[in-house]
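Q: Let me begin by handing over the structure; questions about it come next.
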Amino acid sequence: MRIFTAISGLLMAGAAFAQSSNQSSSCSPKSADVQTVQFAYALQYLSERFWSSQPLNQSFLQDAKNASKANYGPNFQGIQRQNRLGVRAVQQTGKSVSGFSAPRCNFTFPSSKDADAFVKTALQIESSVTGALIGLAGYTQAPEVSFLLARLAAEHGAHVAYIGAQQTPVIFPSNSSSLPPAWTPDHVLKNGTQIGQLGSYLKNCVSAPAAPCNQKFNIGPLVGSFNSTSSGSSASSSASPSSTPSSSGSSSSASSTASSTSRKRKYF
């Protein structure tokens with residue numbers, strides 16, 4: 001009788017261990033997250049390389065608009081530091097994703113004729129990276145990766161708010177009908193000069209991840225949603241950006257609303 005009791009106890013313990021292992025495994029980053037984490041690395045590394053491309057000393061920054069009030073020198077050095085930490089964060093997360101390797105990206109940035117030109121480029125890159133990270137969150141398979149993207153997006157969003165506040169008196173319009181802009185990876189890889197288009201930097205080093213569940217991910221002014229597709233291929237390339245400075249193509253009604261809103265709302 002004791003033998004049966006012992007066997008029963010061992011079976012129950014084994015079942016509990018198996019359940020615990022399965023739950024742990026289901027929450028761990030999957031191989032399907034590889035492209036998403038690699039895309040995040042490319043975005044974060046792009047931003048870090050930009051901030052390292054120019055000496056952030058007072059002699060260069062002192063002639064920028066609102067330079068004395070903005071205290072650009074120490075703040076930009078702090079942004080540079082945060083970007084380096086962001087690269088490290090993606091690398092650490094990548095270690096837990098089977099098959100991850102950091103993309104080999106080489107970036108060339110437009111030369112800044114003066115501090116104002118550098119600040120404007122910084123605002124455009126930070127705004128684009130913020131919206132790209134928000135959109136990329138819709139392509140994750142594991143909480144760890146979602147947490148990473150949320151934290152990085154918050155970091156860059158703070159940079160945008162700080163820099164934008166020095167450039168325009170109103171960065172949070174009272175008539176806005178959209179949350180902060182977000183873009184799908186396919187949109188981010190487009191060539192162009194609009195905010196949200198980083199293809200001229202990223203095209204040769206990273207590709208867009210496939211949308212989860214074999215469905216197209218649509219980003220509207222307030223929420224993101226999945227639509228089933230008729231084919232077996234990923235439809236992420238047809239997903240529309242939530243908002244861009246200008247809209248030239250046809251899209252869903254939600255995306256059209258967001259694009260219209262973005263004309264009034266340049267950054268937030």
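Lettering and numbering for the structure tokens are positional, with chains as A, B, ... in the shown order, residues counted from 1 in each chain, and ligands counted from 1 in the shown order.
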Do you know which residues are at most 8 Å from region 74-86 of chain A counting only C-alpha atoms, after dropping those on the same chain fewer than 3 positions away, and could you put them as a PDB file with C-alpha atoms, in the first residue's frame?

A:
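Resulting contents of around_19.pdb:
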ATOM      1  CA  GLN A  44      18.115  51.039 -30.876  1.00  0.00           C
ATOM      2  CA  TYR A  45      21.545  50.804 -32.482  1.00  0.00           C
ATOM      3  CA  SER A  47      19.632  55.852 -32.388  1.00  0.00           C
ATOM      4  CA  GLU A  48      22.777  55.116 -30.397  1.00  0.00           C
ATOM      5  CA  TRP A  51      23.960  60.301 -30.827  1.00  0.00           C
ATOM      6  CA  SER A  52      27.568  59.140 -31.036  1.00  0.00           C
ATOM      7  CA  LEU A  56      27.975  66.726 -27.738  1.00  0.00           C
ATOM      8  CA  ASN A  71      20.613  72.840 -21.190  1.00  0.00           C
ATOM      9  CA  ALA A  89      19.158  45.765 -22.924  1.00  0.00           C
ATOM     10  CA  VAL A  90      18.341  44.363 -26.372  1.00  0.00           C
ATOM     11  CA  LEU A 152      12.535  51.322 -24.952  1.00  0.00           C
ATOM     12  CA  GLU A 155      12.710  55.991 -23.166  1.00  0.00           C
ATOM     13  CA  HIS A 159      13.491  62.116 -25.549  1.00  0.00           C
TER      14      HIS A 159
END

Q: Would you please give, as JSON, numbers by chain, all residues of region 68-213 of chain A that DSSP assigns to alpha helix (DSSP H) based on the backbone?

A: {"A": [68, 69, 70, 72, 73, 74, 75, 76, 77, 78, 79, 80, 81, 82, 83, 84, 85, 86, 87, 88, 89, 90, 91, 92, 93, 94, 115, 116, 117, 118, 119, 120, 121, 122, 123, 124, 125, 126, 127, 128, 129, 130, 131, 132, 133, 134, 135, 136, 143, 144, 145, 146, 147, 148, 149, 150, 151, 152, 153, 154, 155, 156, 157, 158, 159, 160, 161, 162, 163, 164, 165, 166, 167, 185, 186, 187, 188, 199, 200, 201, 202]}

Q: In Å, rounded to a single decimal, give me how far CA of Asp186 (chain A) is from CA of Thr121 (chain A).

A: 21.7 Å

Q: Go through A:Ile125, A:Val170, A:Ala70, A:Ala137 and flag the residue nearest Gly157 (chain A), using only C-alpha atoms for the distances.

A: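 That would be A:Ile125, the residue with the smallest distance to Gly157 (chain A).
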
Q: Taking only residues of region 65-108 of chain A that have an atom at most 10 Å from an atom of region 142-145 of chain A, what is each one's shortest atom pair and its distance in Å to one decimal, using only C-alpha atoms, in chain and number order, as JSON lines?

A:
{"residue": "A:Val90", "atom": "CA", "partner": "A:Val145", "partner_atom": "CA", "distance": 8.9}
{"residue": "A:Thr93", "atom": "CA", "partner": "A:Val145", "partner_atom": "CA", "distance": 7.2}
{"residue": "A:Gly94", "atom": "CA", "partner": "A:Val145", "partner_atom": "CA", "distance": 9.0}
{"residue": "A:Ser96", "atom": "CA", "partner": "A:Glu144", "partner_atom": "CA", "distance": 9.4}
{"residue": "A:Val97", "atom": "CA", "partner": "A:Val145", "partner_atom": "CA", "distance": 9.4}

Q: I'd like to know which residues of region 30-251 of chain A are strand (DSSP E or B) (by DSSP, run on the backbone); could you write them as a count of residues only?

A: 10

Q: I need the residue nearest Asp33 (chain A) from this list: A:Leu136, A:Ala154, A:Val223, A:Ala115. Use only C-alpha atoms for the distance.

A: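 Among the listed residues, A:Leu136 lies closest to Asp33 (chain A).
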
Q: From the options A:Asn191, A:Thr184, A:Gln167, A:Asn214, which residue's atoms come nearest to Lys65 (chain A), counting only C-alpha atoms?

A: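 The shortest atom-to-atom distance to Lys65 (chain A) comes from A:Gln167.
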